[in-house]
>>> print(open('structure-v2.cif').read())   # mmCIF, N, CA, C and O atoms
data_start
#
loop_
_atom_site.label_atom_id
_atom_site.label_comp_id
_atom_site.auth_asym_id
_atom_site.auth_seq_id
_atom_site.Cartn_x
_atom_site.Cartn_y
_atom_site.Cartn_z
N MET A 1 21.74 72.32 146.79
CA MET A 1 22.48 72.66 145.59
C MET A 1 21.59 72.45 144.37
O MET A 1 20.91 71.45 144.24
N SER A 2 21.57 73.41 143.48
CA SER A 2 20.75 73.29 142.28
C SER A 2 21.46 72.42 141.24
O SER A 2 22.66 72.19 141.30
N SER A 3 20.68 71.94 140.30
CA SER A 3 21.23 71.08 139.26
C SER A 3 22.15 71.86 138.34
O SER A 3 21.92 73.02 138.04
N ARG A 4 23.19 71.19 137.87
CA ARG A 4 24.16 71.82 136.98
C ARG A 4 24.23 71.05 135.66
O ARG A 4 24.06 69.85 135.63
N ILE A 5 24.52 71.79 134.62
CA ILE A 5 24.79 71.18 133.32
C ILE A 5 26.29 71.25 133.12
O ILE A 5 26.88 72.32 133.17
N THR A 6 26.91 70.11 132.91
CA THR A 6 28.35 70.05 132.71
C THR A 6 28.63 69.78 131.24
O THR A 6 28.13 68.81 130.68
N ILE A 7 29.45 70.65 130.64
CA ILE A 7 29.87 70.48 129.25
C ILE A 7 31.36 70.18 129.30
O ILE A 7 32.15 71.00 129.76
N LYS A 8 31.74 69.00 128.84
CA LYS A 8 33.11 68.54 128.97
C LYS A 8 33.71 68.30 127.59
O LYS A 8 33.13 67.61 126.77
N ARG A 9 34.88 68.90 127.34
CA ARG A 9 35.61 68.66 126.09
C ARG A 9 36.63 67.58 126.38
O ARG A 9 37.51 67.75 127.21
N ILE A 10 36.51 66.47 125.66
CA ILE A 10 37.37 65.31 125.90
C ILE A 10 38.27 65.12 124.68
O ILE A 10 37.78 65.07 123.55
N GLU A 11 39.56 65.01 124.92
CA GLU A 11 40.52 64.82 123.84
C GLU A 11 40.60 63.34 123.50
O GLU A 11 40.91 62.52 124.35
N ARG A 12 40.30 63.01 122.24
CA ARG A 12 40.40 61.61 121.80
C ARG A 12 41.82 61.27 121.41
O ARG A 12 42.33 60.22 121.73
N ASN A 13 42.44 62.12 120.63
CA ASN A 13 43.85 61.99 120.30
C ASN A 13 44.38 63.42 120.08
O ASN A 13 43.75 64.36 120.51
N LYS A 14 45.51 63.57 119.43
CA LYS A 14 46.14 64.90 119.36
C LYS A 14 45.23 66.01 118.84
O LYS A 14 45.23 67.10 119.37
N LYS A 15 44.47 65.72 117.78
CA LYS A 15 43.69 66.79 117.15
C LYS A 15 42.19 66.57 117.20
O LYS A 15 41.44 67.42 116.73
N LYS A 16 41.73 65.45 117.71
CA LYS A 16 40.31 65.13 117.69
C LYS A 16 39.70 65.27 119.09
O LYS A 16 40.30 64.87 120.08
N TYR A 17 38.50 65.85 119.13
CA TYR A 17 37.81 66.04 120.40
C TYR A 17 36.37 65.56 120.29
O TYR A 17 35.81 65.49 119.20
N VAL A 18 35.78 65.23 121.43
CA VAL A 18 34.35 65.04 121.54
C VAL A 18 33.87 65.92 122.68
O VAL A 18 34.63 66.24 123.60
N THR A 19 32.63 66.35 122.60
CA THR A 19 32.04 67.19 123.63
C THR A 19 30.93 66.41 124.31
O THR A 19 30.02 65.92 123.63
N ALA A 20 31.01 66.26 125.63
CA ALA A 20 30.00 65.53 126.39
C ALA A 20 29.18 66.52 127.21
O ALA A 20 29.73 67.40 127.87
N VAL A 21 27.86 66.36 127.17
CA VAL A 21 26.95 67.24 127.91
C VAL A 21 26.11 66.37 128.82
O VAL A 21 25.44 65.45 128.35
N HIS A 22 26.15 66.64 130.13
CA HIS A 22 25.24 65.91 131.01
C HIS A 22 24.65 66.84 132.05
O HIS A 22 25.18 67.90 132.34
N GLY A 23 23.48 66.44 132.55
CA GLY A 23 22.73 67.26 133.49
C GLY A 23 21.48 67.89 132.88
O GLY A 23 20.71 68.55 133.56
N LEU A 24 21.26 67.69 131.59
CA LEU A 24 20.10 68.29 130.92
C LEU A 24 18.78 67.68 131.38
O LEU A 24 17.76 68.36 131.42
N GLU A 25 18.80 66.38 131.74
CA GLU A 25 17.55 65.72 132.12
C GLU A 25 16.94 66.32 133.39
O GLU A 25 15.75 66.22 133.61
N ALA A 26 17.74 66.99 134.22
CA ALA A 26 17.23 67.62 135.44
C ALA A 26 16.29 68.79 135.12
O ALA A 26 15.49 69.18 135.96
N PHE A 27 16.37 69.31 133.90
CA PHE A 27 15.53 70.43 133.50
C PHE A 27 14.38 69.98 132.60
O PHE A 27 13.74 70.80 131.94
N GLY A 28 14.13 68.67 132.53
CA GLY A 28 13.01 68.15 131.77
C GLY A 28 13.25 68.14 130.27
O GLY A 28 12.29 68.20 129.50
N ILE A 29 14.50 68.07 129.84
CA ILE A 29 14.82 68.08 128.42
C ILE A 29 14.98 66.64 127.94
O ILE A 29 15.67 65.84 128.57
N ASP A 30 14.32 66.32 126.83
CA ASP A 30 14.45 64.99 126.22
C ASP A 30 15.83 64.90 125.56
O ASP A 30 16.13 65.64 124.63
N LEU A 31 16.66 64.00 126.06
CA LEU A 31 18.05 63.91 125.59
C LEU A 31 18.15 63.49 124.13
O LEU A 31 19.01 63.98 123.41
N LYS A 32 17.28 62.61 123.68
CA LYS A 32 17.34 62.18 122.28
C LYS A 32 17.01 63.33 121.34
O LYS A 32 17.66 63.51 120.31
N LYS A 33 16.01 64.13 121.70
CA LYS A 33 15.66 65.29 120.86
C LYS A 33 16.77 66.33 120.89
O LYS A 33 17.08 66.95 119.87
N ALA A 34 17.38 66.54 122.06
CA ALA A 34 18.48 67.50 122.17
C ALA A 34 19.68 67.03 121.35
O ALA A 34 20.33 67.82 120.67
N ALA A 35 19.99 65.72 121.39
CA ALA A 35 21.11 65.18 120.61
C ALA A 35 20.85 65.36 119.12
O ALA A 35 21.75 65.73 118.36
N LYS A 36 19.61 65.16 118.71
CA LYS A 36 19.27 65.34 117.29
C LYS A 36 19.43 66.81 116.90
O LYS A 36 19.92 67.13 115.82
N GLN A 37 19.02 67.72 117.80
CA GLN A 37 19.17 69.15 117.51
C GLN A 37 20.65 69.53 117.40
O GLN A 37 21.03 70.28 116.51
N PHE A 38 21.49 69.01 118.30
CA PHE A 38 22.93 69.29 118.23
C PHE A 38 23.52 68.75 116.93
O PHE A 38 24.31 69.41 116.27
N ALA A 39 23.12 67.53 116.54
CA ALA A 39 23.65 66.91 115.32
C ALA A 39 23.29 67.73 114.09
O ALA A 39 24.11 67.92 113.19
N GLN A 40 22.06 68.23 114.04
CA GLN A 40 21.63 69.03 112.90
C GLN A 40 22.33 70.39 112.89
O GLN A 40 22.75 70.87 111.84
N LYS A 41 22.46 71.00 114.05
CA LYS A 41 23.06 72.33 114.14
C LYS A 41 24.54 72.31 113.74
O LYS A 41 25.01 73.18 113.03
N PHE A 42 25.29 71.31 114.24
CA PHE A 42 26.74 71.28 114.03
C PHE A 42 27.17 70.37 112.89
O PHE A 42 28.36 70.26 112.61
N ALA A 43 26.21 69.70 112.22
CA ALA A 43 26.50 68.78 111.12
C ALA A 43 27.53 67.73 111.52
O ALA A 43 28.49 67.44 110.81
N THR A 44 27.34 67.17 112.72
CA THR A 44 28.23 66.12 113.22
C THR A 44 27.38 64.99 113.79
O THR A 44 26.15 65.09 113.83
N GLY A 45 28.03 63.97 114.28
CA GLY A 45 27.32 62.89 114.95
C GLY A 45 27.09 63.26 116.41
O GLY A 45 27.93 63.88 117.05
N ALA A 46 25.92 62.91 116.93
CA ALA A 46 25.61 63.14 118.34
C ALA A 46 24.76 61.97 118.82
O ALA A 46 23.88 61.51 118.10
N SER A 47 25.06 61.49 120.02
CA SER A 47 24.32 60.34 120.54
C SER A 47 24.12 60.48 122.04
O SER A 47 24.82 61.24 122.70
N VAL A 48 23.18 59.71 122.56
CA VAL A 48 22.95 59.64 124.00
C VAL A 48 23.57 58.33 124.48
O VAL A 48 23.29 57.27 123.93
N SER A 49 24.45 58.43 125.48
CA SER A 49 25.08 57.24 126.02
C SER A 49 25.27 57.40 127.52
O SER A 49 25.07 58.48 128.07
N LYS A 50 25.65 56.32 128.17
CA LYS A 50 25.91 56.36 129.61
C LYS A 50 27.39 56.67 129.84
O LYS A 50 28.26 56.14 129.16
N ASN A 51 27.66 57.54 130.82
CA ASN A 51 29.06 57.83 131.13
C ASN A 51 29.55 56.85 132.19
O ASN A 51 28.84 55.92 132.57
N ALA A 52 30.76 57.06 132.68
CA ALA A 52 31.38 56.12 133.63
C ALA A 52 30.60 56.02 134.94
O ALA A 52 30.62 54.99 135.59
N GLN A 53 29.92 57.10 135.33
CA GLN A 53 29.15 57.09 136.57
C GLN A 53 27.76 56.48 136.39
O GLN A 53 27.02 56.38 137.35
N GLY A 54 27.40 56.13 135.16
CA GLY A 54 26.10 55.51 134.91
C GLY A 54 25.01 56.50 134.58
O GLY A 54 23.84 56.12 134.48
N PHE A 55 25.34 57.77 134.39
CA PHE A 55 24.34 58.78 134.04
C PHE A 55 24.29 58.95 132.52
O PHE A 55 25.28 58.75 131.84
N ASP A 56 23.11 59.34 132.02
CA ASP A 56 22.99 59.60 130.59
C ASP A 56 23.66 60.90 130.24
O ASP A 56 23.58 61.88 130.99
N GLU A 57 24.32 60.93 129.09
CA GLU A 57 24.94 62.15 128.60
C GLU A 57 24.86 62.18 127.09
O GLU A 57 24.71 61.14 126.45
N ILE A 58 24.95 63.38 126.52
CA ILE A 58 24.97 63.53 125.07
C ILE A 58 26.42 63.70 124.66
O ILE A 58 27.13 64.53 125.21
N VAL A 59 26.86 62.90 123.69
CA VAL A 59 28.22 62.98 123.18
C VAL A 59 28.14 63.51 121.75
O VAL A 59 27.49 62.92 120.90
N VAL A 60 28.80 64.67 121.51
CA VAL A 60 28.80 65.31 120.20
C VAL A 60 30.22 65.24 119.66
O VAL A 60 31.17 65.58 120.37
N GLN A 61 30.39 64.83 118.41
CA GLN A 61 31.72 64.77 117.82
C GLN A 61 32.22 66.18 117.53
O GLN A 61 31.48 67.01 117.03
N GLY A 62 33.47 66.43 117.89
CA GLY A 62 34.07 67.74 117.63
C GLY A 62 34.06 68.62 118.87
O GLY A 62 33.37 68.36 119.85
N ASP A 63 34.85 69.69 118.81
CA ASP A 63 34.93 70.65 119.91
C ASP A 63 33.89 71.75 119.66
O ASP A 63 34.17 72.74 119.00
N VAL A 64 32.70 71.55 120.20
CA VAL A 64 31.61 72.51 120.01
C VAL A 64 31.15 73.07 121.35
O VAL A 64 30.00 73.47 121.51
N THR A 65 32.07 73.13 122.32
CA THR A 65 31.73 73.56 123.67
C THR A 65 31.10 74.95 123.68
O THR A 65 30.02 75.15 124.27
N ASP A 66 31.75 75.92 123.04
CA ASP A 66 31.25 77.30 123.07
C ASP A 66 29.90 77.42 122.39
O ASP A 66 29.02 78.15 122.85
N GLU A 67 29.71 76.69 121.29
CA GLU A 67 28.45 76.76 120.56
C GLU A 67 27.31 76.15 121.38
O GLU A 67 26.18 76.66 121.35
N ILE A 68 27.59 75.08 122.13
CA ILE A 68 26.55 74.48 122.97
C ILE A 68 26.17 75.44 124.08
O ILE A 68 24.98 75.59 124.41
N VAL A 69 27.16 76.12 124.67
CA VAL A 69 26.86 77.11 125.72
C VAL A 69 25.96 78.21 125.15
O VAL A 69 24.98 78.61 125.78
N GLU A 70 26.28 78.69 123.93
CA GLU A 70 25.45 79.73 123.31
C GLU A 70 24.03 79.24 123.07
O GLU A 70 23.07 79.98 123.30
N MET A 71 23.88 77.99 122.61
CA MET A 71 22.55 77.44 122.37
C MET A 71 21.76 77.32 123.66
O MET A 71 20.56 77.62 123.69
N LEU A 72 22.42 76.89 124.74
CA LEU A 72 21.73 76.75 126.02
C LEU A 72 21.31 78.10 126.57
O LEU A 72 20.21 78.26 127.12
N GLU A 73 22.19 79.11 126.43
CA GLU A 73 21.85 80.44 126.93
C GLU A 73 20.75 81.10 126.11
O GLU A 73 19.97 81.89 126.63
N ALA A 74 20.67 80.77 124.81
CA ALA A 74 19.65 81.35 123.95
C ALA A 74 18.31 80.61 124.06
O ALA A 74 17.31 81.07 123.53
N ASN A 75 18.28 79.46 124.77
CA ASN A 75 17.07 78.66 124.94
C ASN A 75 16.43 78.30 123.60
O ASN A 75 15.23 78.48 123.40
N THR A 76 17.23 77.79 122.67
CA THR A 76 16.72 77.45 121.35
C THR A 76 16.12 76.05 121.32
O THR A 76 16.63 75.14 121.97
N GLY A 77 15.05 75.88 120.56
CA GLY A 77 14.44 74.57 120.33
C GLY A 77 14.02 73.85 121.59
O GLY A 77 13.31 74.41 122.42
N VAL A 78 14.46 72.60 121.75
CA VAL A 78 14.07 71.78 122.90
C VAL A 78 14.85 72.16 124.15
O VAL A 78 14.63 71.58 125.21
N LEU A 79 15.75 73.13 124.06
CA LEU A 79 16.61 73.50 125.20
C LEU A 79 16.02 74.63 126.04
O LEU A 79 16.73 75.31 126.75
N LYS A 80 14.71 74.83 125.96
CA LYS A 80 14.08 75.91 126.72
C LYS A 80 14.04 75.56 128.21
O LYS A 80 13.91 74.41 128.58
N GLY A 81 14.16 76.57 129.05
CA GLY A 81 14.03 76.37 130.49
C GLY A 81 15.33 76.08 131.23
O GLY A 81 15.30 75.65 132.37
N VAL A 82 16.47 76.33 130.60
CA VAL A 82 17.76 76.09 131.25
C VAL A 82 18.35 77.43 131.67
O VAL A 82 18.63 78.27 130.81
N PRO A 83 18.54 77.67 132.97
CA PRO A 83 19.17 78.92 133.39
C PRO A 83 20.65 78.96 133.00
O PRO A 83 21.35 77.97 133.17
N GLY A 84 21.11 80.08 132.49
CA GLY A 84 22.47 80.21 132.01
C GLY A 84 23.53 80.10 133.09
O GLY A 84 24.67 79.73 132.82
N ASP A 85 23.20 80.40 134.34
CA ASP A 85 24.20 80.36 135.40
C ASP A 85 24.43 78.95 135.94
O ASP A 85 25.26 78.75 136.81
N ASN A 86 23.72 77.96 135.43
CA ASN A 86 23.90 76.58 135.87
C ASN A 86 24.81 75.79 134.94
O ASN A 86 24.91 74.58 135.05
N ILE A 87 25.48 76.46 133.99
CA ILE A 87 26.30 75.79 133.00
C ILE A 87 27.77 75.84 133.43
O ILE A 87 28.29 76.90 133.76
N VAL A 88 28.43 74.67 133.44
CA VAL A 88 29.83 74.56 133.82
C VAL A 88 30.60 73.90 132.68
O VAL A 88 30.17 72.87 132.18
N CYS A 89 31.71 74.51 132.26
CA CYS A 89 32.55 73.92 131.20
C CYS A 89 33.81 73.33 131.83
O CYS A 89 34.45 73.96 132.66
N VAL A 90 34.17 72.11 131.39
CA VAL A 90 35.32 71.40 131.91
C VAL A 90 36.12 70.87 130.72
O VAL A 90 35.55 70.41 129.74
N GLU A 91 37.45 70.94 130.83
CA GLU A 91 38.30 70.33 129.79
C GLU A 91 38.93 69.08 130.37
O GLU A 91 39.48 69.11 131.47
N ASP A 92 38.84 67.99 129.63
CA ASP A 92 39.33 66.70 130.12
C ASP A 92 40.28 66.11 129.10
O ASP A 92 39.93 65.98 127.94
N LYS A 93 41.49 65.77 129.53
CA LYS A 93 42.45 65.15 128.63
C LYS A 93 42.45 63.66 128.90
O LYS A 93 42.52 63.23 130.04
N LYS A 94 42.38 62.90 127.84
CA LYS A 94 42.40 61.46 127.97
C LYS A 94 43.82 61.00 128.25
O LYS A 94 44.73 61.37 127.56
N LYS A 95 43.98 60.19 129.27
CA LYS A 95 45.30 59.71 129.63
C LYS A 95 45.53 58.38 128.94
O LYS A 95 44.71 57.47 129.01
N LYS A 96 46.66 58.23 128.32
CA LYS A 96 47.01 56.98 127.65
C LYS A 96 48.16 56.30 128.39
O LYS A 96 49.07 56.96 128.85
N GLY A 97 48.11 55.00 128.48
CA GLY A 97 49.18 54.26 129.12
C GLY A 97 50.36 54.09 128.18
O GLY A 97 50.30 54.40 127.01
N GLY A 98 51.47 53.64 128.72
CA GLY A 98 52.65 53.40 127.88
C GLY A 98 53.55 54.62 127.81
O GLY A 98 53.47 55.53 128.62
N THR A 99 54.40 54.62 126.81
CA THR A 99 55.37 55.70 126.67
C THR A 99 54.75 56.90 125.99
O THR A 99 53.77 56.79 125.29
N SER A 100 55.37 58.04 126.16
CA SER A 100 54.86 59.26 125.54
C SER A 100 55.63 59.60 124.28
O SER A 100 55.54 60.70 123.78
N ALA A 101 56.44 58.67 123.78
CA ALA A 101 57.22 58.92 122.56
C ALA A 101 56.29 59.00 121.36
O ALA A 101 55.37 58.20 121.23
N GLU A 102 56.53 59.97 120.50
CA GLU A 102 55.70 60.14 119.31
C GLU A 102 56.11 59.12 118.26
O GLU A 102 57.27 58.78 118.12
N GLN A 103 55.14 58.66 117.49
CA GLN A 103 55.41 57.65 116.49
C GLN A 103 55.35 58.22 115.10
O GLN A 103 54.64 59.06 114.78
#
>>> encode(input="structure-v2.cif", output="structure tokens")
Amino acid sequence: MSSRITIKRIERNKKKYVTAVHGLEAFGIDLKKAAKQFAQKFATGASVSKNAQGFDEIVVQGDVTDEIVEMLEANTGVLKGVPGDNIVCVEDKKKKGGTSAEQ
């Protein structure tokens, strides 16, 4: 199985999202440079952190899933060498404990 890049949109609360990208290191991409490029392109915060499985991922503030896919397919900047058919988009809703009553 070839390496995949997973782009995940994670809901923080009702209207706020973060976009997590992992799998870029398999293509020889420096994650810190890629995070800096995302931060400059989208004018948001972007950082490299470890996810729950212990792998490095880039976390970008905001729902920029489609724009990241376009950047990866266009091979812009430090994102050169990524095949477009290895990109997978996933939507993830954060589950909260307690009641679902609105406050």
>>> resolve_selection(input="structure-v2.cif", expression="the PyMOL selection byres ((chain A and resi 20) around 4.5)", output="list in words")
Thr6, Ile7, Lys8, Val18, Thr19, Val21, His22, Ile58 and Val59 of chain A
>>> atom_distance(input="structure-v2.cif", atom1="atom C of Asp30 (chain A)", atom2="CA of Gly62 (chain A)")
20.1 Å
>>> atom_distance(input="structure-v2.cif", atom1="atom C of Thr76 (chain A)", atom2="CA of Asp63 (chain A)")
19.6 Å
>>> atom_distance(input="structure-v2.cif", atom1="atom O of Ala43 (chain A)", atom2="atom N of Cys89 (chain A)")
22.8 Å
>>> resolve_selection(input="structure-v2.cif", expression="the PyMOL selection byres ((chain A and resi 81) around 8)", output="PDB file with N, CA, C and O atoms, in the frame of the given file")
ATOM      1  N   LEU A  24      21.260  67.690 131.590  1.00  0.00           N
ATOM      2  CA  LEU A  24      20.100  68.290 130.920  1.00  0.00           C
ATOM      3  C   LEU A  24      18.780  67.680 131.380  1.00  0.00           C
ATOM      4  O   LEU A  24      17.760  68.360 131.420  1.00  0.00           O
ATOM      5  N   ALA A  26      17.740  66.990 134.220  1.00  0.00           N
ATOM      6  CA  ALA A  26      17.230  67.620 135.440  1.00  0.00           C
ATOM      7  C   ALA A  26      16.290  68.790 135.120  1.00  0.00           C
ATOM      8  O   ALA A  26      15.490  69.180 135.960  1.00  0.00           O
ATOM      9  N   PHE A  27      16.370  69.310 133.900  1.00  0.00           N
ATOM     10  CA  PHE A  27      15.530  70.430 133.500  1.00  0.00           C
ATOM     11  C   PHE A  27      14.380  69.980 132.600  1.00  0.00           C
ATOM     12  O   PHE A  27      13.740  70.800 131.940  1.00  0.00           O
ATOM     13  N   GLY A  28      14.130  68.670 132.530  1.00  0.00           N
ATOM     14  CA  GLY A  28      13.010  68.150 131.770  1.00  0.00           C
ATOM     15  C   GLY A  28      13.250  68.140 130.270  1.00  0.00           C
ATOM     16  O   GLY A  28      12.290  68.200 129.500  1.00  0.00           O
ATOM     17  N   LEU A  72      22.420  76.890 124.740  1.00  0.00           N
ATOM     18  CA  LEU A  72      21.730  76.750 126.020  1.00  0.00           C
ATOM     19  C   LEU A  72      21.310  78.100 126.570  1.00  0.00           C
ATOM     20  O   LEU A  72      20.210  78.260 127.120  1.00  0.00           O
ATOM     21  N   ALA A  74      20.670  80.770 124.810  1.00  0.00           N
ATOM     22  CA  ALA A  74      19.650  81.350 123.950  1.00  0.00           C
ATOM     23  C   ALA A  74      18.310  80.610 124.060  1.00  0.00           C
ATOM     24  O   ALA A  74      17.310  81.070 123.530  1.00  0.00           O
ATOM     25  N   ASN A  75      18.280  79.460 124.770  1.00  0.00           N
ATOM     26  CA  ASN A  75      17.070  78.660 124.940  1.00  0.00           C
ATOM     27  C   ASN A  75      16.430  78.300 123.600  1.00  0.00           C
ATOM     28  O   ASN A  75      15.230  78.480 123.400  1.00  0.00           O
ATOM     29  N   THR A  76      17.230  77.790 122.670  1.00  0.00           N
ATOM     30  CA  THR A  76      16.720  77.450 121.350  1.00  0.00           C
ATOM     31  C   THR A  76      16.120  76.050 121.320  1.00  0.00           C
ATOM     32  O   THR A  76      16.630  75.140 121.970  1.00  0.00           O
ATOM     33  N   GLY A  77      15.050  75.880 120.560  1.00  0.00           N
ATOM     34  CA  GLY A  77      14.440  74.570 120.330  1.00  0.00           C
ATOM     35  C   GLY A  77      14.020  73.850 121.590  1.00  0.00           C
ATOM     36  O   GLY A  77      13.310  74.410 122.420  1.00  0.00           O
ATOM     37  N   VAL A  78      14.460  72.600 121.750  1.00  0.00           N
ATOM     38  CA  VAL A  78      14.070  71.780 122.900  1.00  0.00           C
ATOM     39  C   VAL A  78      14.850  72.160 124.150  1.00  0.00           C
ATOM     40  O   VAL A  78      14.630  71.580 125.210  1.00  0.00           O
ATOM     41  N   LEU A  79      15.750  73.130 124.060  1.00  0.00           N
ATOM     42  CA  LEU A  79      16.610  73.500 125.200  1.00  0.00           C
ATOM     43  C   LEU A  79      16.020  74.630 126.040  1.00  0.00           C
ATOM     44  O   LEU A  79      16.730  75.310 126.750  1.00  0.00           O
ATOM     45  N   LYS A  80      14.710  74.830 125.960  1.00  0.00           N
ATOM     46  CA  LYS A  80      14.080  75.910 126.720  1.00  0.00           C
ATOM     47  C   LYS A  80      14.040  75.560 128.210  1.00  0.00           C
ATOM     48  O   LYS A  80      13.910  74.410 128.580  1.00  0.00           O
ATOM     49  N   VAL A  82      16.470  76.330 130.600  1.00  0.00           N
ATOM     50  CA  VAL A  82      17.760  76.090 131.250  1.00  0.00           C
ATOM     51  C   VAL A  82      18.350  77.430 131.670  1.00  0.00           C
ATOM     52  O   VAL A  82      18.630  78.270 130.810  1.00  0.00           O
ATOM     53  N   PRO A  83      18.540  77.670 132.970  1.00  0.00           N
ATOM     54  CA  PRO A  83      19.170  78.920 133.390  1.00  0.00           C
ATOM     55  C   PRO A  83      20.650  78.960 133.000  1.00  0.00           C
ATOM     56  O   PRO A  83      21.350  77.970 133.170  1.00  0.00           O
ATOM     57  N   GLY A  84      21.110  80.080 132.490  1.00  0.00           N
ATOM     58  CA  GLY A  84      22.470  80.210 132.010  1.00  0.00           C
ATOM     59  C   GLY A  84      23.530  80.100 133.090  1.00  0.00           C
ATOM     60  O   GLY A  84      24.670  79.730 132.820  1.00  0.00           O
TER      61      GLY A  84
END
>>> select_by_dssp(input="structure-v2.cif", residues="region 10-96 of chain A", states="strand (DSSP E)", output="JSON, numbers by chain")
{"A": [10, 11, 17, 18, 19, 20, 21, 22, 46, 47, 48, 49, 50, 56, 57, 58, 59, 60, 61, 87, 88, 89, 90, 91, 92, 93]}
>>> closest_residue(input="structure-v2.cif", among="A:Arg4, A:Asp92, A:Gln61, A:Ala52", to="Phe38 (chain A)", atoms="only N, CA, C and O atoms")
A:Gln61
>>> resolve_selection(input="structure-v2.cif", expression="the PyMOL selection byres ((chain A and resi 35) around 8)", output="ChimeraX atom specification")
/A:30-34,36-42,44-48,57-60
>>> select_by_dssp(input="structure-v2.cif", residues="region 10-76 of chain A", states="alpha helix (DSSP H)", output="list in words")
Leu31, Lys32, Lys33, Ala34, Ala35, Lys36, Gln37, Phe38, Ala39, Gln40, Lys41, Phe42, Thr65, Asp66, Glu67, Ile68, Val69, Glu70, Met71, Leu72, Glu73 and Ala74 of chain A
>>> decode(input="structure-v2.cif", residues="region 4-10 of chain A", atoms="all heavy atoms", output="PDB file, in the first residue's frame")
ATOM      1  N   ARG A   4      -0.351   7.593   2.145  1.00  0.00           N
ATOM      2  CA  ARG A   4      -1.494   8.473   1.917  1.00  0.00           C
ATOM      3  C   ARG A   4      -1.341   9.741   2.754  1.00  0.00           C
ATOM      4  O   ARG A   4      -0.791   9.712   3.843  1.00  0.00           O
ATOM      5  CB  ARG A   4      -2.792   7.790   2.314  1.00  0.00           C
ATOM      6  CG  ARG A   4      -3.165   6.641   1.438  1.00  0.00           C
ATOM      7  CD  ARG A   4      -4.656   6.365   1.577  1.00  0.00           C
ATOM      8  NE  ARG A   4      -5.106   5.373   0.653  1.00  0.00           N
ATOM      9  CZ  ARG A   4      -5.406   5.601  -0.616  1.00  0.00           C
ATOM     10  NH1 ARG A   4      -5.287   6.792  -1.115  1.00  0.00           N
ATOM     11  NH2 ARG A   4      -5.836   4.641  -1.391  1.00  0.00           N
ATOM     12  N   ILE A   5      -1.871  10.818   2.224  1.00  0.00           N
ATOM     13  CA  ILE A   5      -1.956  12.068   2.970  1.00  0.00           C
ATOM     14  C   ILE A   5      -3.403  12.210   3.403  1.00  0.00           C
ATOM     15  O   ILE A   5      -4.306  12.193   2.571  1.00  0.00           O
ATOM     16  CB  ILE A   5      -1.536  13.263   2.101  1.00  0.00           C
ATOM     17  CG1 ILE A   5      -0.076  13.121   1.731  1.00  0.00           C
ATOM     18  CG2 ILE A   5      -1.787  14.568   2.839  1.00  0.00           C
ATOM     19  CD1 ILE A   5       0.386  14.142   0.759  1.00  0.00           C
ATOM     20  N   THR A   6      -3.631  12.329   4.696  1.00  0.00           N
ATOM     21  CA  THR A   6      -4.977  12.464   5.219  1.00  0.00           C
ATOM     22  C   THR A   6      -5.184  13.900   5.669  1.00  0.00           C
ATOM     23  O   THR A   6      -4.411  14.427   6.466  1.00  0.00           O
ATOM     24  CB  THR A   6      -5.197  11.513   6.402  1.00  0.00           C
ATOM     25  OG1 THR A   6      -4.847  10.190   5.999  1.00  0.00           O
ATOM     26  CG2 THR A   6      -6.642  11.535   6.856  1.00  0.00           C
ATOM     27  N   ILE A   7      -6.253  14.520   5.148  1.00  0.00           N
ATOM     28  CA  ILE A   7      -6.626  15.871   5.539  1.00  0.00           C
ATOM     29  C   ILE A   7      -7.939  15.748   6.292  1.00  0.00           C
ATOM     30  O   ILE A   7      -8.935  15.305   5.744  1.00  0.00           O
ATOM     31  CB  ILE A   7      -6.776  16.787   4.310  1.00  0.00           C
ATOM     32  CG1 ILE A   7      -5.466  16.814   3.535  1.00  0.00           C
ATOM     33  CG2 ILE A   7      -7.190  18.179   4.737  1.00  0.00           C
ATOM     34  CD1 ILE A   7      -5.549  17.515   2.222  1.00  0.00           C
ATOM     35  N   LYS A   8      -7.920  16.119   7.562  1.00  0.00           N
ATOM     36  CA  LYS A   8      -9.075  15.910   8.426  1.00  0.00           C
ATOM     37  C   LYS A   8      -9.594  17.249   8.937  1.00  0.00           C
ATOM     38  O   LYS A   8      -8.831  18.049   9.457  1.00  0.00           O
ATOM     39  CB  LYS A   8      -8.651  15.029   9.604  1.00  0.00           C
ATOM     40  CG  LYS A   8      -9.795  14.528  10.448  1.00  0.00           C
ATOM     41  CD  LYS A   8      -9.287  13.733  11.628  1.00  0.00           C
ATOM     42  CE  LYS A   8      -8.693  12.412  11.187  1.00  0.00           C
ATOM     43  NZ  LYS A   8      -8.371  11.538  12.328  1.00  0.00           N
ATOM     44  N   ARG A   9     -10.893  17.485   8.759  1.00  0.00           N
ATOM     45  CA  ARG A   9     -11.533  18.685   9.311  1.00  0.00           C
ATOM     46  C   ARG A   9     -12.143  18.297  10.640  1.00  0.00           C
ATOM     47  O   ARG A   9     -13.019  17.445  10.703  1.00  0.00           O
ATOM     48  CB  ARG A   9     -12.603  19.199   8.358  1.00  0.00           C
ATOM     49  CG  ARG A   9     -13.192  20.512   8.824  1.00  0.00           C
ATOM     50  CD  ARG A   9     -14.199  21.004   7.858  1.00  0.00           C
ATOM     51  NE  ARG A   9     -15.503  20.432   8.212  1.00  0.00           N
ATOM     52  CZ  ARG A   9     -16.658  20.936   7.826  1.00  0.00           C
ATOM     53  NH1 ARG A   9     -16.698  21.955   7.021  1.00  0.00           N
ATOM     54  NH2 ARG A   9     -17.786  20.391   8.205  1.00  0.00           N
ATOM     55  N   ILE A  10     -11.684  18.950  11.700  1.00  0.00           N
ATOM     56  CA  ILE A  10     -12.128  18.615  13.052  1.00  0.00           C
ATOM     57  C   ILE A  10     -12.936  19.784  13.602  1.00  0.00           C
ATOM     58  O   ILE A  10     -12.486  20.927  13.567  1.00  0.00           O
ATOM     59  CB  ILE A  10     -10.915  18.329  13.966  1.00  0.00           C
ATOM     60  CG1 ILE A  10     -10.061  17.212  13.368  1.00  0.00           C
ATOM     61  CG2 ILE A  10     -11.379  17.970  15.371  1.00  0.00           C
ATOM     62  CD1 ILE A  10      -8.709  17.063  14.007  1.00  0.00           C
TER      63      ILE A  10
END
